[in-house]
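Undergrad: Following this line is coords11.cif, made up of mmCIF, C-alpha atoms and all ligand atoms:
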```cif
data_input
loop_
_atom_site.label_atom_id
_atom_site.label_comp_id
_atom_site.auth_asym_id
_atom_site.auth_seq_id
_atom_site.Cartn_x
_atom_site.Cartn_y
_atom_site.Cartn_z
CA MET A 1088 0.00 0.00 0.00
CA VAL A 1089 1.34 3.44 -0.91
CA VAL A 1090 1.25 5.82 1.99
CA GLU A 1091 1.42 9.52 1.31
CA GLU A 1092 4.07 11.48 3.14
CA PRO A 1093 2.30 13.50 5.80
CA PRO A 1094 2.64 17.23 5.31
CA PHE A 1095 3.84 17.91 8.84
CA LEU A 1096 6.82 15.60 9.01
CA ASN A 1097 9.54 17.02 11.24
CA ILE A 1098 7.99 20.25 12.33
CA ASP A 1099 7.50 21.95 15.69
CA GLY A 1100 9.61 19.38 17.52
CA VAL A 1101 7.48 16.46 16.36
CA ALA A 1102 8.12 13.81 13.71
CA THR A 1103 5.87 11.28 12.02
CA ARG A 1104 6.78 7.83 10.76
CA LEU A 1105 5.31 4.40 10.05
CA LEU A 1106 5.54 1.58 12.59
CA GLU A 1107 8.60 -0.64 12.52
CA ASP A 1108 8.26 -4.43 12.35
CA ARG A 1109 9.52 -4.81 15.93
CA GLU A 1110 6.58 -2.70 17.14
CA ARG A 1111 4.07 -5.14 15.64
CA PRO A 1112 3.33 -8.73 16.70
CA TYR A 1113 2.84 -9.71 13.06
CA GLY A 1114 2.63 -8.04 9.67
CA THR A 1115 -0.18 -6.33 7.82
CA VAL A 1116 -0.96 -4.89 4.41
CA GLU A 1117 -1.97 -1.71 6.25
CA ALA A 1118 1.55 -0.37 6.81
CA GLY A 1119 0.18 3.15 7.25
CA VAL A 1120 -2.09 2.21 10.19
CA PRO A 1121 -1.49 3.85 12.53
CA LEU A 1122 0.68 6.83 11.60
CA VAL A 1123 3.12 7.33 14.50
CA LEU A 1124 3.60 10.83 15.87
CA GLU A 1125 6.52 11.15 18.28
CA PRO A 1126 8.75 13.80 19.87
CA LYS A 1127 12.08 14.73 18.37
CA GLY A 1128 13.17 16.38 21.60
CA ALA A 1129 10.90 17.51 24.43
CA ARG A 1130 8.52 14.76 25.46
CA SER A 1131 6.24 16.60 27.86
CA VAL A 1132 2.47 16.85 27.56
CA VAL A 1133 2.86 20.63 27.48
CA GLU A 1134 4.85 20.35 24.23
CA LEU A 1135 2.43 17.82 22.77
CA LYS A 1136 -0.58 20.01 23.57
CA ALA A 1137 1.08 23.06 22.02
CA PHE A 1138 1.82 21.08 18.86
CA LEU A 1139 -1.72 19.70 18.60
CA ALA A 1140 -3.31 23.11 19.17
CA ALA A 1141 -1.11 24.72 16.50
CA ARG A 1142 -1.43 21.88 13.99
CA SER A 1143 -4.98 20.62 14.58
CA ALA A 1144 -5.93 20.82 10.90
CA GLU A 1145 -2.94 18.68 9.85
CA VAL A 1146 -3.59 16.19 12.64
CA MET A 1147 -7.22 15.81 11.62
CA ALA A 1148 -6.23 15.44 7.94
CA ALA A 1149 -3.75 12.74 8.96
CA VAL A 1150 -6.30 10.76 11.00
CA TYR A 1151 -8.69 10.82 8.06
CA ARG A 1152 -5.94 9.83 5.59
CA HIS A 1153 -4.46 7.01 7.71
CA GLY A 1154 -7.50 6.01 9.76
CA ALA A 1155 -5.52 6.17 13.01
CA ILE A 1156 -2.62 8.06 14.65
CA LEU A 1157 -0.49 6.76 17.51
CA PHE A 1158 1.01 9.42 19.81
CA ARG A 1159 4.05 7.54 21.11
CA GLY A 1160 6.92 8.56 23.38
CA PHE A 1161 5.23 11.47 25.15
CA GLU A 1162 4.88 11.61 28.92
CA VAL A 1163 1.12 11.06 29.08
CA SER A 1164 0.93 9.67 32.59
CA SER A 1165 -2.58 10.34 33.91
CA GLU A 1166 -6.20 10.49 32.85
CA ARG A 1167 -5.99 14.27 33.08
CA ASP A 1168 -2.96 14.34 30.74
CA PHE A 1169 -4.93 12.18 28.29
CA GLU A 1170 -7.96 14.43 28.43
CA GLU A 1171 -6.02 17.69 28.13
CA THR A 1172 -4.01 16.30 25.22
CA MET A 1173 -7.13 15.37 23.27
CA ARG A 1174 -8.94 18.59 24.18
CA SER A 1175 -6.08 20.59 22.68
CA ILE A 1176 -7.06 19.36 19.18
CA ARG A 1177 -9.39 21.98 17.77
CA GLY A 1178 -12.65 20.60 16.43
CA LEU A 1179 -12.88 17.69 18.88
CA ARG A 1180 -15.93 17.74 21.13
CA PRO A 1181 -15.65 15.06 23.85
CA MET A 1182 -18.83 13.13 24.68
CA ASN A 1183 -19.31 12.62 28.42
CA GLY A 1184 -21.76 9.80 27.83
CA TYR A 1185 -24.01 8.28 25.21
CA PHE A 1186 -27.52 6.93 24.90
CA MET A 1187 -28.09 3.81 27.04
CA SER A 1188 -24.40 3.21 27.72
CA GLU A 1189 -23.70 -0.28 29.02
CA ARG A 1190 -23.16 -0.99 32.72
CA GLY A 1191 -19.58 -0.13 33.66
CA ARG A 1192 -18.98 2.36 30.84
CA ASP A 1193 -18.59 5.11 33.46
CA LEU A 1194 -16.57 8.32 33.62
CA VAL A 1195 -13.36 8.01 35.64
CA ASP A 1196 -13.11 10.28 38.70
CA GLU A 1197 -9.80 11.87 37.67
CA ALA A 1198 -11.07 13.68 34.53
CA SER A 1199 -14.34 14.98 33.13
CA SER A 1200 -14.61 13.15 29.79
CA VAL A 1201 -12.52 9.98 30.16
CA LEU A 1202 -14.36 6.67 30.32
CA TYR A 1203 -13.50 3.23 31.64
CA THR A 1204 -13.50 0.60 28.91
CA ASN A 1205 -15.62 -1.13 31.52
CA LYS A 1206 -15.49 -0.48 35.25
CA TYR A 1207 -16.52 -4.00 36.21
CA ALA A 1208 -15.37 -6.38 33.52
CA ARG A 1209 -11.98 -6.85 31.96
CA LEU A 1210 -12.66 -7.23 28.27
CA GLY A 1211 -9.07 -7.42 27.05
CA ALA A 1212 -6.18 -9.45 28.42
CA ASN A 1213 -6.15 -10.89 31.91
CA PRO A 1214 -3.61 -12.99 33.77
CA PHE A 1215 -5.50 -16.19 33.05
CA GLY A 1216 -5.91 -15.62 29.36
CA SER A 1217 -8.43 -13.58 27.47
CA VAL A 1218 -11.67 -14.15 25.67
CA LYS A 1219 -11.45 -15.65 22.24
CA ILE A 1220 -10.56 -13.62 19.16
CA GLY A 1221 -13.58 -11.65 18.12
CA GLY A 1222 -15.57 -8.59 19.03
CA PHE A 1223 -14.76 -6.60 15.89
CA HIS A 1224 -16.97 -3.56 15.92
CA SER A 1225 -17.64 0.02 15.01
CA GLU A 1226 -18.21 1.98 18.21
CA ASN A 1227 -21.78 2.32 19.49
CA TYR A 1228 -23.61 0.43 16.75
CA PHE A 1229 -26.28 -0.44 19.32
CA SER A 1230 -26.60 3.09 20.70
CA ALA A 1231 -28.23 6.09 19.03
CA ASP A 1232 -25.11 8.17 19.75
CA VAL A 1233 -22.28 7.21 17.40
CA PRO A 1234 -18.94 9.00 17.88
CA ALA A 1235 -17.16 10.11 14.70
CA LEU A 1236 -13.80 9.78 16.45
CA GLN A 1237 -12.36 7.87 19.39
CA ALA A 1238 -9.14 7.67 21.40
CA PHE A 1239 -7.58 5.09 23.73
CA TRP A 1240 -4.83 5.81 26.26
CA CYS A 1241 -2.65 3.00 27.58
CA LYS A 1242 -2.33 3.46 31.34
CA THR A 1243 -0.80 0.03 31.90
CA ALA A 1244 0.67 -2.01 29.05
CA PRO A 1245 -0.08 -5.76 28.89
CA TRP A 1246 2.76 -8.29 29.20
CA MET A 1247 2.02 -10.09 25.95
CA GLY A 1248 -0.49 -9.54 23.16
CA ALA A 1249 -3.74 -7.80 24.16
CA GLU A 1250 -3.35 -5.29 21.36
CA THR A 1251 -6.18 -3.12 20.12
CA ALA A 1252 -6.79 -4.38 16.59
CA MET A 1253 -7.48 -1.67 14.01
CA VAL A 1254 -9.27 -2.79 10.86
CA HIS A 1255 -9.21 -0.35 7.95
CA MET A 1256 -12.75 -1.16 6.91
CA ALA A 1257 -12.89 1.64 4.31
CA ASN A 1258 -10.03 -0.06 2.42
CA ALA A 1259 -11.59 -3.49 3.01
CA TYR A 1260 -14.94 -2.29 1.71
CA ASP A 1261 -13.55 -1.64 -1.78
CA GLU A 1262 -12.67 -5.34 -2.04
CA LEU A 1263 -16.13 -6.69 -1.23
CA SER A 1264 -18.22 -7.96 -4.13
CA GLY A 1265 -20.48 -5.56 -5.97
CA ASP A 1266 -23.49 -7.68 -4.97
CA LEU A 1267 -22.69 -7.45 -1.27
CA ARG A 1268 -21.98 -3.72 -1.41
CA ALA A 1269 -25.25 -3.13 -3.28
CA LYS A 1270 -27.12 -5.15 -0.65
CA LEU A 1271 -25.54 -3.22 2.22
CA GLU A 1272 -26.24 0.13 0.61
CA ALA A 1273 -29.83 -0.65 -0.40
CA GLU A 1274 -31.57 -0.52 2.99
CA PRO A 1275 -30.84 0.39 6.61
CA PHE A 1276 -31.01 -2.44 9.12
CA CYS A 1277 -32.38 -2.51 12.64
CA SER A 1278 -29.51 -2.51 15.13
CA MET A 1279 -31.47 -2.57 18.39
CA PHE A 1280 -34.81 -2.42 20.16
CA TRP A 1281 -34.78 -0.25 23.30
CA SER A 1282 -37.74 -0.52 25.64
CA VAL A 1283 -39.53 2.70 26.54
CA PRO A 1284 -39.80 1.75 30.27
CA MET A 1285 -36.06 1.04 30.37
CA ILE A 1286 -35.18 4.40 28.77
CA ALA A 1287 -37.63 6.15 31.11
CA ARG A 1288 -35.95 4.59 34.16
CA ARG A 1289 -32.43 5.46 32.96
CA TYR A 1290 -33.26 9.11 32.25
CA ARG A 1291 -35.88 9.50 35.01
CA LEU A 1292 -38.53 10.63 32.54
CA PRO A 1293 -42.23 9.76 32.15
CA GLU A 1294 -42.73 7.02 29.58
CA ASP A 1295 -45.05 9.14 27.45
CA ARG A 1296 -42.35 11.85 27.16
CA VAL A 1297 -39.79 9.26 26.09
CA GLU A 1298 -42.13 7.89 23.46
CA GLN A 1299 -42.93 11.36 22.14
CA PHE A 1300 -39.23 12.30 22.04
CA PHE A 1301 -38.42 9.39 19.75
CA ARG A 1302 -41.55 9.80 17.61
CA ASP A 1303 -40.52 13.43 17.07
CA LEU A 1304 -37.09 12.20 15.96
CA GLY A 1305 -38.75 10.05 13.30
CA LEU A 1306 -38.20 6.67 14.94
CA LEU A 1307 -40.65 3.79 14.92
CA VAL A 1308 -42.46 2.71 18.10
CA VAL A 1309 -43.74 -0.89 18.23
CA LEU A 1310 -45.23 -3.25 20.81
CA VAL A 1311 -43.03 -6.21 21.73
CA ASP A 1312 -44.72 -8.69 24.06
CA GLY A 1313 -47.12 -5.88 24.96
CA ARG A 1314 -44.36 -3.38 25.86
CA LYS A 1315 -43.52 -0.26 23.87
CA GLU A 1316 -40.12 -0.37 22.26
CA ILE A 1317 -38.21 2.03 20.02
CA VAL A 1318 -36.77 0.50 16.86
CA PHE A 1319 -33.31 1.87 16.10
CA TYR A 1320 -32.13 1.66 12.52
CA LYS A 1321 -28.57 2.32 11.49
CA PRO A 1322 -26.96 2.99 8.15
CA ASN A 1323 -24.55 0.21 7.25
CA VAL A 1324 -22.26 2.19 5.01
CA TYR A 1325 -21.02 5.71 5.66
CA ARG A 1326 -19.74 7.96 2.90
CA HIS A 1327 -16.93 9.80 4.63
CA PRO A 1328 -17.28 13.59 4.89
CA HIS A 1329 -13.53 14.26 4.52
CA VAL A 1330 -12.06 11.52 2.31
CA PRO A 1331 -13.59 9.95 -0.82
CA LYS A 1332 -14.30 6.57 0.77
CA ARG A 1333 -17.19 4.42 1.90
CA SER A 1334 -17.01 2.09 4.86
CA LEU A 1335 -19.13 -0.61 6.46
CA GLN A 1336 -19.44 0.51 10.10
CA VAL A 1337 -21.39 -2.15 11.99
CA ASN A 1338 -20.73 -4.25 15.09
CA LEU A 1339 -19.95 -7.17 12.82
CA SER A 1340 -19.03 -9.71 15.49
CA MET A 1341 -22.23 -9.20 17.48
CA SER A 1342 -24.44 -9.06 14.39
CA LEU A 1343 -23.11 -11.96 12.27
CA ARG A 1344 -22.88 -15.17 14.25
CA ASP A 1345 -20.58 -16.94 11.79
CA LEU A 1346 -18.04 -14.12 11.65
CA ASP A 1347 -15.94 -14.75 14.77
CA PRO A 1348 -15.50 -18.50 14.17
CA ALA A 1349 -14.32 -17.66 10.63
CA LEU A 1350 -11.97 -15.00 12.01
CA ARG A 1351 -10.52 -17.43 14.57
CA ARG A 1352 -9.60 -19.81 11.79
CA LEU A 1353 -7.94 -16.98 9.84
CA PHE A 1354 -6.02 -15.59 12.84
CA THR A 1355 -4.89 -18.92 14.29
CA PRO A 1356 -1.67 -19.18 12.21
CA ALA A 1357 -0.48 -15.92 13.84
CA TYR A 1358 -0.88 -17.54 17.27
CA GLU A 1359 1.17 -20.67 16.64
CA GLY A 1360 4.56 -21.02 18.24
CA GLY A 1361 6.20 -21.31 21.64
CA LYS A 1362 5.04 -18.35 23.64
CA TRP A 1363 1.45 -18.84 22.63
CA ALA A 1364 1.35 -22.61 23.26
CA LEU A 1365 0.55 -22.43 26.97
CA TYR A 1366 -1.74 -19.53 26.35
CA ARG A 1367 -3.66 -21.46 23.72
CA ALA A 1368 -4.11 -24.34 26.14
CA ALA A 1369 -5.46 -21.94 28.76
CA TRP A 1370 -7.54 -20.20 26.14
CA ARG A 1371 -9.46 -23.41 25.45
CA GLN A 1372 -10.26 -23.63 29.18
CA TRP A 1373 -10.97 -19.96 29.69
CA ASP A 1374 -14.58 -20.24 30.82
CA THR A 1375 -13.79 -22.95 33.33
CA MET A 1376 -10.71 -21.22 34.71
CA THR A 1377 -12.44 -17.88 35.12
CA ALA A 1378 -15.46 -19.35 36.86
CA PHE A 1379 -13.17 -21.43 39.10
CA ARG A 1380 -10.98 -18.45 40.04
CA LEU A 1381 -13.95 -16.22 40.91
CA ALA A 1382 -15.71 -19.02 42.79
CA VAL A 1383 -12.59 -19.82 44.85
CA LYS A 1384 -12.23 -16.16 45.79
CA GLY A 1385 -15.95 -15.82 46.55
CA ARG A 1386 -16.31 -12.94 44.13
CA ARG A 1387 -19.96 -13.56 43.40
CA ALA A 1388 -20.84 -9.97 42.42
CA GLU A 1389 -17.93 -9.74 40.03
CA LEU A 1390 -18.82 -13.09 38.52
CA GLY A 1391 -22.40 -11.90 38.01
CA SER A 1392 -21.28 -8.65 36.37
CA LEU A 1393 -18.74 -10.43 34.22
CA VAL A 1394 -21.30 -12.90 32.97
CA LYS A 1395 -23.80 -10.16 32.30
CA VAL A 1396 -21.44 -7.88 30.38
CA THR A 1397 -19.40 -10.47 28.52
CA GLY A 1398 -21.89 -13.30 28.33
CA GLN A 1399 -22.49 -12.97 24.67
CA ARG A 1400 -18.78 -12.92 23.92
CA LEU A 1401 -18.14 -15.95 26.10
CA LEU A 1402 -20.85 -17.83 24.29
CA GLY A 1403 -19.76 -16.63 20.88
CA ALA A 1404 -21.29 -13.90 18.74
CA GLN A 1405 -25.05 -13.69 19.07
CA PRO A 1406 -27.33 -11.05 17.66
CA ARG A 1407 -27.96 -8.56 20.43
CA GLY A 1408 -31.49 -8.06 21.73
CA ARG A 1409 -34.46 -10.16 20.94
CA ALA A 1410 -35.12 -11.14 17.39
CA PRO A 1411 -38.56 -9.85 16.47
CA ALA A 1412 -39.55 -13.26 15.13
CA GLU A 1413 -39.14 -14.78 18.60
CA SER A 1414 -41.44 -12.23 20.21
CA THR A 1415 -44.91 -10.96 19.60
CA LEU A 1416 -44.31 -7.80 17.65
CA VAL A 1417 -47.06 -5.35 16.76
CA ALA A 1418 -46.09 -2.55 14.40
CA PRO A 1419 -48.29 0.18 12.87
CA PRO A 1420 -50.15 -1.00 9.74
CA GLY A 1421 -48.05 -0.71 6.59
CA THR A 1422 -44.70 -0.96 8.44
CA PRO A 1423 -42.17 -2.84 6.28
CA PRO A 1424 -40.56 -5.93 7.85
CA ILE A 1425 -37.97 -5.04 10.52
CA VAL A 1426 -34.74 -6.62 9.33
CA ARG A 1427 -31.30 -7.03 10.92
CA ILE A 1428 -28.11 -7.31 8.91
CA GLY A 1429 -27.75 -10.98 9.85
CA ALA A 1430 -30.94 -11.82 7.97
CA ARG A 1431 -29.65 -10.43 4.68
CA VAL A 1432 -25.98 -11.44 4.55
CA THR A 1433 -25.33 -15.00 3.42
CA ARG A 1434 -22.85 -17.40 5.00
CA ASP A 1435 -20.49 -17.04 2.01
CA GLU A 1436 -20.66 -13.27 2.32
CA VAL A 1437 -19.82 -13.52 6.02
CA GLY A 1438 -16.78 -15.55 4.99
CA ALA A 1439 -15.78 -12.81 2.53
CA LEU A 1440 -16.22 -10.20 5.25
CA ALA A 1441 -14.05 -12.21 7.64
CA ALA A 1442 -11.31 -12.46 5.01
CA ALA A 1443 -11.48 -8.70 4.40
CA VAL A 1444 -11.34 -7.96 8.16
CA ARG A 1445 -8.36 -10.27 8.63
CA LYS A 1446 -6.49 -8.85 5.63
CA HIS A 1447 -6.91 -5.22 6.68
CA CYS A 1448 -6.28 -5.80 10.40
CA SER A 1449 -3.32 -3.89 11.81
CA LEU A 1450 -1.81 -4.53 15.26
CA PHE A 1451 0.85 -2.81 17.32
CA SER A 1452 2.15 -3.60 20.80
CA TRP A 1453 0.89 -1.15 23.42
CA ARG A 1454 3.40 0.89 25.41
CA ARG A 1455 2.54 2.79 28.57
CA GLY A 1456 1.55 6.38 27.69
CA ASP A 1457 0.50 5.62 24.09
CA ILE A 1458 -2.56 7.41 22.76
CA LEU A 1459 -4.34 5.85 19.78
CA PHE A 1460 -6.61 8.36 18.02
CA PHE A 1461 -8.81 6.91 15.28
CA ASP A 1462 -11.64 7.51 12.86
CA ASN A 1463 -14.81 5.60 13.79
CA LEU A 1464 -16.16 6.17 10.28
CA GLN A 1465 -13.39 4.11 8.66
CA MET A 1466 -12.00 1.76 11.31
CA LEU A 1467 -13.33 -1.24 13.21
CA HIS A 1468 -11.58 -2.26 16.42
CA ALA A 1469 -11.33 -5.18 18.83
CA ALA A 1470 -9.30 -6.28 21.85
CA MET A 1471 -6.98 -9.16 20.98
CA PRO A 1472 -5.99 -12.07 23.23
CA GLY A 1473 -3.12 -11.58 25.61
CA VAL A 1474 -1.74 -11.67 29.11
CA GLY A 1475 -1.08 -9.07 31.76
CA PRO A 1476 -2.59 -6.16 33.69
CA ARG A 1477 -3.78 -4.14 30.70
CA VAL A 1478 -5.49 -0.81 31.54
CA ILE A 1479 -6.88 1.25 28.68
CA ARG A 1480 -8.97 4.42 29.03
CA VAL A 1481 -11.34 5.81 26.41
CA MET A 1482 -12.56 9.12 25.02
CA ILE A 1483 -15.18 9.50 22.30
CA PHE A 1484 -15.85 12.61 20.24
CA ASN A 1485 -18.28 14.38 17.92
CA PRO A 1486 -21.63 12.54 17.90
CA LEU A 1487 -22.91 11.85 14.39
CA PRO A 1488 -26.02 13.82 13.40
CA LEU A 1489 -28.03 10.89 12.05
CA LYS A 1490 -31.32 11.92 10.48
CA TYR A 1491 -34.38 9.68 10.85
CA PRO A 1492 -36.17 7.97 9.30
CA LEU A 1493 -33.34 6.40 7.33
CA THR A 1494 -34.25 5.45 3.79
CA SER A 1495 -30.99 3.87 2.61
CA GLY A 1496 -28.20 1.68 3.89
CA LEU A 1497 -25.75 4.35 2.71
CA THR A 1498 -25.55 7.69 4.46
CA ASP A 1499 -23.70 10.97 4.16
CA VAL A 1500 -22.88 12.42 7.54
CA ALA A 1501 -22.44 16.16 7.34
CA PRO A 1502 -20.60 17.38 10.46
CA GLU A 1503 -22.71 19.65 12.67
CA GLU A 1504 -20.80 21.83 15.09
CA GLY A 1505 -23.69 22.34 17.50
CA TYR A 1506 -25.22 18.86 17.28
CA ARG A 1507 -26.22 17.49 20.68
CA SER A 1508 -26.30 13.75 21.30
CA ILE A 1509 -29.54 11.92 22.14
CA ASP A 1510 -28.10 11.34 25.61
CA GLU A 1511 -27.52 15.07 26.12
CA ARG A 1512 -31.00 15.93 24.90
CA LEU A 1513 -32.69 13.38 27.16
CA ARG A 1514 -30.72 14.68 30.14
CA ALA A 1515 -31.72 18.24 29.23
CA LEU A 1516 -35.36 17.17 29.00
CA GLN A 1517 -35.09 15.58 32.44
CA ARG A 1518 -33.76 18.85 33.88
CA THR A 1519 -36.64 20.86 32.42
CA LEU A 1520 -39.15 18.53 34.07
CA SER A 1521 -37.53 18.31 37.50
FE FE B 1 -15.18 -0.33 21.31
#
```
Please render this file's structure as structure tokens.

TA:
Amino acid sequence: MVVEEPPFLNIDGVATRLLEDRERPYGTVEAGVPLVLEPKGARSVVELKAFLAARSAEVMAAVYRHGAILFRGFEVSSERDFEETMRSIRGLRPMNGYFMSERGRDLVDEASSVLYTNKYARLGANPFGSVKIGGFHSENYFSADVPALQAFWCKTAPWMGAETAMVHMANAYDELSGDLRAKLEAEPFCSMFWSVPMIARRYRLPEDRVEQFFRDLGLLVVLVDGRKEIVFYKPNVYRHPHVPKRSLQVNLSMSLRDLDPALRRLFTPAYEGGKWALYRAAWRQWDTMTAFRLAVKGRRAELGSLVKVTGQRLLGAQPRGRAPAESTLVAPPGTPPIVRIGARVTRDEVGALAAAVRKHCSLFSWRRGDILFFDNLQMLHAAMPGVGPRVIRVMIFNPLPLKYPLTSGLTDVAPEEGYRSIDERLRALQRTLS
């Protein structure tokens, strides 16, 4: 792959380069993912912030061109350093939350916009081995609030593996068959049903106000087993606002049940060899070992939370939420069938998607203090298997102004400076009523 020289190489005390082989566990066709930005001299956060503030336009152009940038070698040593570094990039608007965030996706105490990956469950590496390869996703496919951009900060580096996989899905998309691309672009798919009572409890709002809020947005309200639920549709393919590319941005692993098994077969050759042998043995026994360890220590609450949050991953990819066919669903007359992506994509097409994900997957070994800044409109990500006390913190930025009702599987997302997330608007509504 030909990678353009970035325009800001060797300026203002900062240099950019591509990753070296020794910084990766194994190779990739995506040599330009991520672009590395590192100090030539001063390594302090003060210098980094000054550079980012002065060169925000070039940094944003680089993240769009490469898909991801790795800030490496700077002294980013706290959550506050991470937050202040990202806030110094002009045009980034951190999101302090998002609609119906999962349990454990809380703000850390040390900063105002930095999130735990999960406060209760370790989703990446752990000392007894990790979950299986899988979990490739675009951020917040199941939420109404999709961030355009995202950043991870490595507080504690793992001992072995446990990388954050970056998949350049915009490059992979070009290689999918014309039939599959046409199918994905033809119609939006349902990503999630959210129950009105559940939303009302979360945002402390009357149910009728919640229902009206989503009707006003243009979303469909149905009855599922006698309970009102909002049907969330998502575009499958985004036409990027800053680069001439399209990308399939879906939580593929949770939506296509055959994807992760296919990916495991494709990734397995990279996990042969001595240092992975013991790990692979433990990996096969992961469920048993985890349950045994928590039971021995009497950590019942943690076990319960772990099962709840990671249950679907432990059991393999399953479509999230109830499938309408398994419930009694009553929709307004004339409503077209409510379809998820898994109902339209064939098994062969899932195999082609797995091959594209594997081919365009790019890994690097985390170092303490690294910041990975990436484009959620072009990249998928996943936590890879590994060992060690890995601690990663998260920031998400710039909620996408999706317009409902969606009429196509392909969407153009025009940036909106003043756009407020659904989460923000529901919180604001709650304040006006209290
Ligand atoms: Fe994620």

Undergrad: Name the residues in contact with Ala1357 (chain A) at a cut-off of 9 Å, using all atoms listed in the file, excluding same-chain residues fewer than 4 positions from it; report them as a ChimeraX atom specification.

TA: /A:1112-1113,1353

Undergrad: For the atom pair CA of Gly1305 (chain A) and CA of Glu1189 (chain A), what is the interatomic distance in Å to one decimal place?

TA: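 Going from CA of Gly1305 (chain A) over to CA of Glu1189 (chain A) covers 24.1 Å.
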
Undergrad: I'd like to know which of A:Ala1198, A:Ala1244, A:Ala1149, A:Val1324 is closest to Met1256 (chain A), using all atoms listed in the file.

TA: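 Closest residue, counting all atoms listed in the file: A:Val1324.
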
Undergrad: Given the choices A:Arg1314, A:Arg1431, A:His1224, A:Arg1351, which gets closest to ligand FE 1 (chain B) if the distance is worked out from all atoms listed in the file?

TA: A:His1224

Undergrad: Hey, which of A:Leu1202, A:Leu1520, A:Met1247, A:Val1426 ends up closest to ligand FE 1 (chain B)? Count all atoms listed in the file.

TA: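 Closest candidate: A:Leu1202.
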
Undergrad: Check which residues fall inside 10 Å of ligand FE 1 (chain B) when counting only C-alpha atoms and all ligand atoms, and print them as a PyMOL selection string.

TA: chain A and resi 1204+1222-1228+1237+1239+1251+1338+1463+1467-1470+1481+1483

Undergrad: What would the list of residues within 8 Å of (-32.5, 1.4, 7.5) (file frame) look like as a list in words, if only C-alpha atoms are what count?

TA: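 All residues meeting the 8 Å criterion around (-32.5, 1.4, 7.5) are Glu1274, Pro1275, Phe1276, Cys1277, Tyr1320, Lys1321, Pro1322, Pro1492, Leu1493, Thr1494, Ser1495 and Gly1496 of chain A.
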
Undergrad: Using only C-alpha atoms, can you tell me which of A:Ala1442, A:Ala1349, A:Phe1460, A:Glu1110 comes closest to Thr1172 (chain A)?

TA: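 Closest residue, counting only C-alpha atoms: A:Phe1460.
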
Undergrad: Fewer than 5 positions away in the same chain doesn't count, so skip those; otherwise give me all residues within 10 Å of Ile1098 (chain A), counting only C-alpha atoms, as JSON, numbers by chain.

TA: {"A": [1103, 1126, 1127, 1138, 1142]}

Undergrad: Please, what distance in Å, to one decimal, runs between CA of Leu1105 (chain A) and CA of Ala1252 (chain A)?

TA: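 Interatomic distance, CA of Leu1105 (chain A) to CA of Ala1252 (chain A): 16.3 Å.
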
Undergrad: Quick one: pull the distance between CA of Ser1414 (chain A) and CA of Leu1310 (chain A), Å, one decimal.

TA: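 Between these atoms lies a distance of 9.8 Å.
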
Undergrad: So that I can check the surroundings of Glu1145 (chain A), please list as a ChimeraX atom specification every protein, DNA and RNA residue that reaches within 12 Å of it, counting all atoms listed in the file and ignoring chain neighbours fewer than 2 positions away.

TA: /A:1093-1096,1098,1103,1124,1138-1143,1147-1153,1156,1176-1178

Undergrad: Which polymer residues have any atom within 12 Å of an atom of Arg1507 (chain A), counting only C-alpha atoms, with same-chain residues fewer than 4 positions away left out, as a PyMOL selection string?

TA: chain A and resi 1180-1186+1231-1234+1484-1489+1502-1503+1511-1515

Undergrad: Just checking: using only C-alpha atoms, which residue out of A:Met1482, A:Leu1390, A:Leu1464, A:Leu1381 ends up closest to Tyr1207 (chain A)?

TA: A:Leu1390
